[in-house]
Amino acid sequence: MALLSKKDASLISDPLADNNPITIQVLGICSALAITAELKASVVMAISVMFVLGVGNVVISLMRNVIPSKIRIIVQLIVVATLVIIVDQVLKAFAYELSKTLSVFVGLIITNCIIMGRFEAFALGNGPWRSFLDGIGNSLGYGIILVIVGFFRELLGSGTLFGYPVLGDPIEKTGLYALGYENNGFMIIPPAALIVVGIIIWVQRSRNRALIEEA
C-alpha cells in the first residue's frame, strides 16, 4: 500500500511546479528579493519557513474546531510568531553570524503571506496530516525558488557558493578570472532577484502553456 494517496501526494508535488507559491501564486516575493544574495542564507530561510509552515499548519488544524471565527487571524499570528521566535533563538544559539545576516527577515516570516494564506485556506478546513503535507509541499516549493535564485546570484555576483570560491580567485586572477571573467556586481543587489525569478517564470510557462494567463 502506498504511503500517500494520489490526492495527498499532490499536496507536496503541486507546489513544486504548477502551483508554486512564488512563480504561480506570486507570494513571498519580499524574502526572495532580500536574502538570496547568498546561497547559505537562502537555504536557512527555506528550512526556517518549512519548520514554521509545517508545524504551524498542524497546530492550526488541531485547533480549527475551537478557534472562534472572529479572532482566527489573531490566533494564527500568535502561532506563527511563537514558531518564528523559536527559529530565531535557535539561529542565534547555533549560527549567530548567519542570524545577523538574516537579521529582521527571520522576524518577517510572521508576515509571509504564504504562511498566513495556507493557515486560512487549508489548515482551517483539513485534518492535521493533510495540513502537514500541504505545509511541507508549499514550503518546499518556496524553498526551491529561493535556492535557485540564491545559487545564481551568489555564483554570478560573487563567484562563490556557500562562501567558497568556485570560479577562481579574482585578486590572484586564477580560474575563470585568468580568462578575463569578472563578477557581475548587479547580481548582488535585490533587483537581480526579480530578473532571476522572471526567467524561472518564463521557463515554467514555456514548458506548460496552460499556465499562461489570458490577456
# chains A, B, ... in the order shown; residues from 1 in each chain; ligands from 1
call {"tool": "residues_around", "arguments": {"residues": "A:Leu161", "least_positions_apart": "3", "cutoff": "10 Å", "atoms": "only C-alpha atoms", "output": "PyMOL selection string"}}
result
chain A and resi 38-40+150-156+158+164-167
call {"tool": "residues_around", "arguments": {"residues": "stretch 44-59 of chain A", "least_positions_apart": "3", "cutoff": "8 Å", "atoms": "only C-alpha atoms", "output": "ChimeraX atom specification"}}
result
/A:40-41,62-63,79-80,83-84,87,106,109,115,118-119,123,127-129,131-136,139-140,142-144,146-147
call {"tool": "write_last_selection", "arguments": {"atoms": "C-alpha atoms", "output": "CSV table (one decimal), in the first residue's frame"}}
result
chain,number,residue,atom,x,y,z
A,40,LYS,CA,23.6,29.8,2.6
A,41,ALA,CA,21.1,32.4,3.7
A,62,LEU,CA,-5.7,20.7,15.6
A,63,MET,CA,-7.3,23.9,16.9
A,79,VAL,CA,1.0,30.6,16.4
A,80,VAL,CA,3.3,31.8,13.7
A,83,LEU,CA,7.3,29.4,15.9
A,84,VAL,CA,9.3,32.3,14.4
A,87,VAL,CA,13.6,29.7,14.9
A,106,VAL,CA,13.5,36.0,10.1
A,109,ILE,CA,8.4,35.3,8.3
A,115,ILE,CA,2.1,31.0,5.7
A,118,ARG,CA,-2.1,28.3,3.9
A,119,PHE,CA,-3.4,28.6,7.5
A,123,ALA,CA,-5.3,24.2,7.7
A,127,GLY,CA,-7.0,17.4,9.3
A,128,PRO,CA,-3.5,17.6,10.8
A,129,TRP,CA,-1.9,15.0,8.4
A,131,SER,CA,-2.3,20.1,6.7
A,132,PHE,CA,1.2,18.9,7.4
A,133,LEU,CA,1.7,17.7,3.9
A,134,ASP,CA,0.3,21.0,2.5
A,135,GLY,CA,2.8,22.9,4.7
A,136,ILE,CA,5.7,20.8,3.6
A,139,SER,CA,7.5,25.4,1.9
A,140,LEU,CA,9.4,23.1,-0.5
A,142,TYR,CA,9.0,28.3,-1.8
A,143,GLY,CA,12.4,27.0,-0.8
A,144,ILE,CA,13.4,25.6,-4.2
A,146,LEU,CA,14.9,30.7,-3.0
A,147,VAL,CA,17.8,28.2,-3.5
call {"tool": "residues_around", "arguments": {"residues": "A:Leu33", "least_positions_apart": "6", "cutoff": "8 Å", "atoms": "only C-alpha atoms", "output": "short mmCIF file (atom, residue, chain, number, x, y, z; two decimals) with C-alpha atoms, in the first residue's frame"}}
result
data_model
loop_
_atom_site.label_atom_id
_atom_site.label_comp_id
_atom_site.auth_asym_id
_atom_site.auth_seq_id
_atom_site.Cartn_x
_atom_site.Cartn_y
_atom_site.Cartn_z
CA PRO A 190 17.86 42.94 -4.87
CA PRO A 191 16.54 43.81 -8.38
CA ALA A 192 18.62 40.93 -9.75
CA ALA A 193 16.40 38.52 -7.81
CA LEU A 194 13.38 39.78 -9.76
#
call {"tool": "atom_distance", "arguments": {"atom1": "atom CA of A:Asn65", "atom2": "atom CA of A:Gly117"}}
result
18.2 Å
call {"tool": "select_by_dssp", "arguments": {"residues": "stretch 73-200 of chain A", "states": "strand (DSSP E)", "output": "list in words"}}
result
Thr160, Leu161, Tyr164 and Pro165 of chain A
call {"tool": "residues_around", "arguments": {"residues": "A:Ile212", "least_positions_apart": "6", "cutoff": "10 Å", "atoms": "only C-alpha atoms", "output": "PDB file with all heavy atoms, in the first residue's frame"}}
result
ATOM      1  N   ILE A  24       3.784  31.055  -9.388  1.00  0.00           N
ATOM      2  CA  ILE A  24       2.405  30.973  -9.866  1.00  0.00           C
ATOM      3  C   ILE A  24       1.485  31.845  -9.023  1.00  0.00           C
ATOM      4  O   ILE A  24       0.726  32.660  -9.544  1.00  0.00           O
ATOM      5  CB  ILE A  24       1.892  29.510  -9.854  1.00  0.00           C
ATOM      6  CG1 ILE A  24       2.807  28.621 -10.709  1.00  0.00           C
ATOM      7  CG2 ILE A  24       0.459  29.447 -10.364  1.00  0.00           C
ATOM      8  CD1 ILE A  24       2.903  29.014 -12.163  1.00  0.00           C
ATOM      9  N   ILE A 201       9.976  32.015 -14.159  1.00  0.00           N
ATOM     10  CA  ILE A 201       8.568  32.054 -14.562  1.00  0.00           C
ATOM     11  C   ILE A 201       8.441  31.829 -16.070  1.00  0.00           C
ATOM     12  O   ILE A 201       7.552  31.102 -16.533  1.00  0.00           O
ATOM     13  CB  ILE A 201       7.932  33.393 -14.145  1.00  0.00           C
ATOM     14  CG1 ILE A 201       7.835  33.476 -12.619  1.00  0.00           C
ATOM     15  CG2 ILE A 201       6.546  33.565 -14.772  1.00  0.00           C
ATOM     16  CD1 ILE A 201       7.377  34.827 -12.104  1.00  0.00           C
ATOM     17  N   TRP A 202       9.309  32.457 -16.845  1.00  0.00           N
ATOM     18  CA  TRP A 202       9.280  32.304 -18.303  1.00  0.00           C
ATOM     19  C   TRP A 202       9.535  30.857 -18.714  1.00  0.00           C
ATOM     20  O   TRP A 202       8.814  30.303 -19.554  1.00  0.00           O
ATOM     21  CB  TRP A 202      10.326  33.219 -18.938  1.00  0.00           C
ATOM     22  CG  TRP A 202      10.511  32.991 -20.404  1.00  0.00           C
ATOM     23  CD1 TRP A 202       9.616  33.258 -21.410  1.00  0.00           C
ATOM     24  CD2 TRP A 202      11.666  32.422 -21.032  1.00  0.00           C
ATOM     25  NE1 TRP A 202      10.154  32.892 -22.624  1.00  0.00           N
ATOM     26  CE2 TRP A 202      11.392  32.382 -22.423  1.00  0.00           C
ATOM     27  CE3 TRP A 202      12.896  31.954 -20.561  1.00  0.00           C
ATOM     28  CZ2 TRP A 202      12.321  31.882 -23.337  1.00  0.00           C
ATOM     29  CZ3 TRP A 202      13.810  31.473 -21.476  1.00  0.00           C
ATOM     30  CH2 TRP A 202      13.527  31.432 -22.837  1.00  0.00           C
ATOM     31  N   GLN A 204       9.100  28.187 -16.861  1.00  0.00           N
ATOM     32  CA  GLN A 204       7.991  27.378 -16.374  1.00  0.00           C
ATOM     33  C   GLN A 204       6.787  27.462 -17.319  1.00  0.00           C
ATOM     34  O   GLN A 204       6.174  26.441 -17.665  1.00  0.00           O
ATOM     35  CB  GLN A 204       7.595  27.845 -14.976  1.00  0.00           C
ATOM     36  CG  GLN A 204       6.640  26.923 -14.247  1.00  0.00           C
ATOM     37  CD  GLN A 204       6.395  27.387 -12.821  1.00  0.00           C
ATOM     38  OE1 GLN A 204       6.431  28.586 -12.530  1.00  0.00           O
ATOM     39  NE2 GLN A 204       6.144  26.455 -11.925  1.00  0.00           N
ATOM     40  N   ARG A 205       6.468  28.648 -17.762  1.00  0.00           N
ATOM     41  CA  ARG A 205       5.328  28.816 -18.657  1.00  0.00           C
ATOM     42  C   ARG A 205       5.631  28.348 -20.074  1.00  0.00           C
ATOM     43  O   ARG A 205       4.707  27.977 -20.818  1.00  0.00           O
ATOM     44  CB  ARG A 205       4.868  30.277 -18.650  1.00  0.00           C
ATOM     45  CG  ARG A 205       4.044  30.616 -17.406  1.00  0.00           C
ATOM     46  CD  ARG A 205       3.969  32.106 -17.153  1.00  0.00           C
ATOM     47  NE  ARG A 205       3.025  32.436 -16.092  1.00  0.00           N
ATOM     48  CZ  ARG A 205       3.219  32.208 -14.809  1.00  0.00           C
ATOM     49  NH1 ARG A 205       4.343  31.620 -14.401  1.00  0.00           N
ATOM     50  NH2 ARG A 205       2.318  32.545 -13.909  1.00  0.00           N
ATOM     51  N   SER A 206       6.890  28.355 -20.453  1.00  0.00           N
ATOM     52  CA  SER A 206       7.266  27.822 -21.762  1.00  0.00           C
ATOM     53  C   SER A 206       7.074  26.312 -21.809  1.00  0.00           C
ATOM     54  O   SER A 206       6.695  25.749 -22.842  1.00  0.00           O
ATOM     55  CB  SER A 206       8.728  28.170 -22.083  1.00  0.00           C
ATOM     56  OG  SER A 206       8.899  29.566 -22.172  1.00  0.00           O
TER      57      SER A 206
END
call {"tool": "atom_distance", "arguments": {"atom1": "atom CA of A:Phe162", "atom2": "atom CA of A:Ser42"}}
result
10.0 Å
call {"tool": "closest_residue", "arguments": {"among": "A:Asn138, A:Asn184, A:Thr174, A:Asn208", "to": "A:Pro21", "atoms": "only C-alpha atoms"}}
result
A:Asn138
call {"tool": "select_by_dssp", "arguments": {"residues": "stretch 98-213 of chain A", "states": "alpha helix (DSSP H)", "output": "PyMOL selection string"}}
result
chain A and resi 98-102+104-107+113-121+128-158+191-207
call {"tool": "atom_distance", "arguments": {"atom1": "atom CA of A:Val203", "atom2": "atom CA of A:Gly159"}}
result
24.2 Å
call {"tool": "decode", "arguments": {"residues": "stretch 18-37 of chain A", "atoms": "C-alpha atoms", "output": "tab-separated table (two decimals), in the first residue's frame"}}
result
chain	number	residue	atom	x	y	z
A	18	ASP	CA	2.39	24.05	-11.49
A	19	ASN	CA	1.13	25.72	-8.30
A	20	ASN	CA	4.35	27.16	-6.95
A	21	PRO	CA	3.70	29.81	-4.27
A	22	ILE	CA	6.27	32.23	-5.73
A	23	THR	CA	6.13	31.76	-9.51
A	24	ILE	CA	2.40	30.97	-9.87
A	25	GLN	CA	0.69	32.47	-6.82
A	26	VAL	CA	3.23	35.35	-6.62
A	27	LEU	CA	3.53	35.13	-2.83
A	28	GLY	CA	6.62	35.51	-0.64
A	29	ILE	CA	8.41	37.73	-3.16
A	30	CYS	CA	9.91	40.03	-0.48
A	31	SER	CA	12.20	37.39	1.02
A	32	ALA	CA	13.13	36.19	-2.48
A	33	LEU	CA	14.50	39.69	-3.08
A	34	ALA	CA	16.03	40.31	0.31
A	35	ILE	CA	18.05	37.28	1.39
A	36	THR	CA	19.02	35.43	-1.80
A	37	ALA	CA	22.33	37.21	-2.42
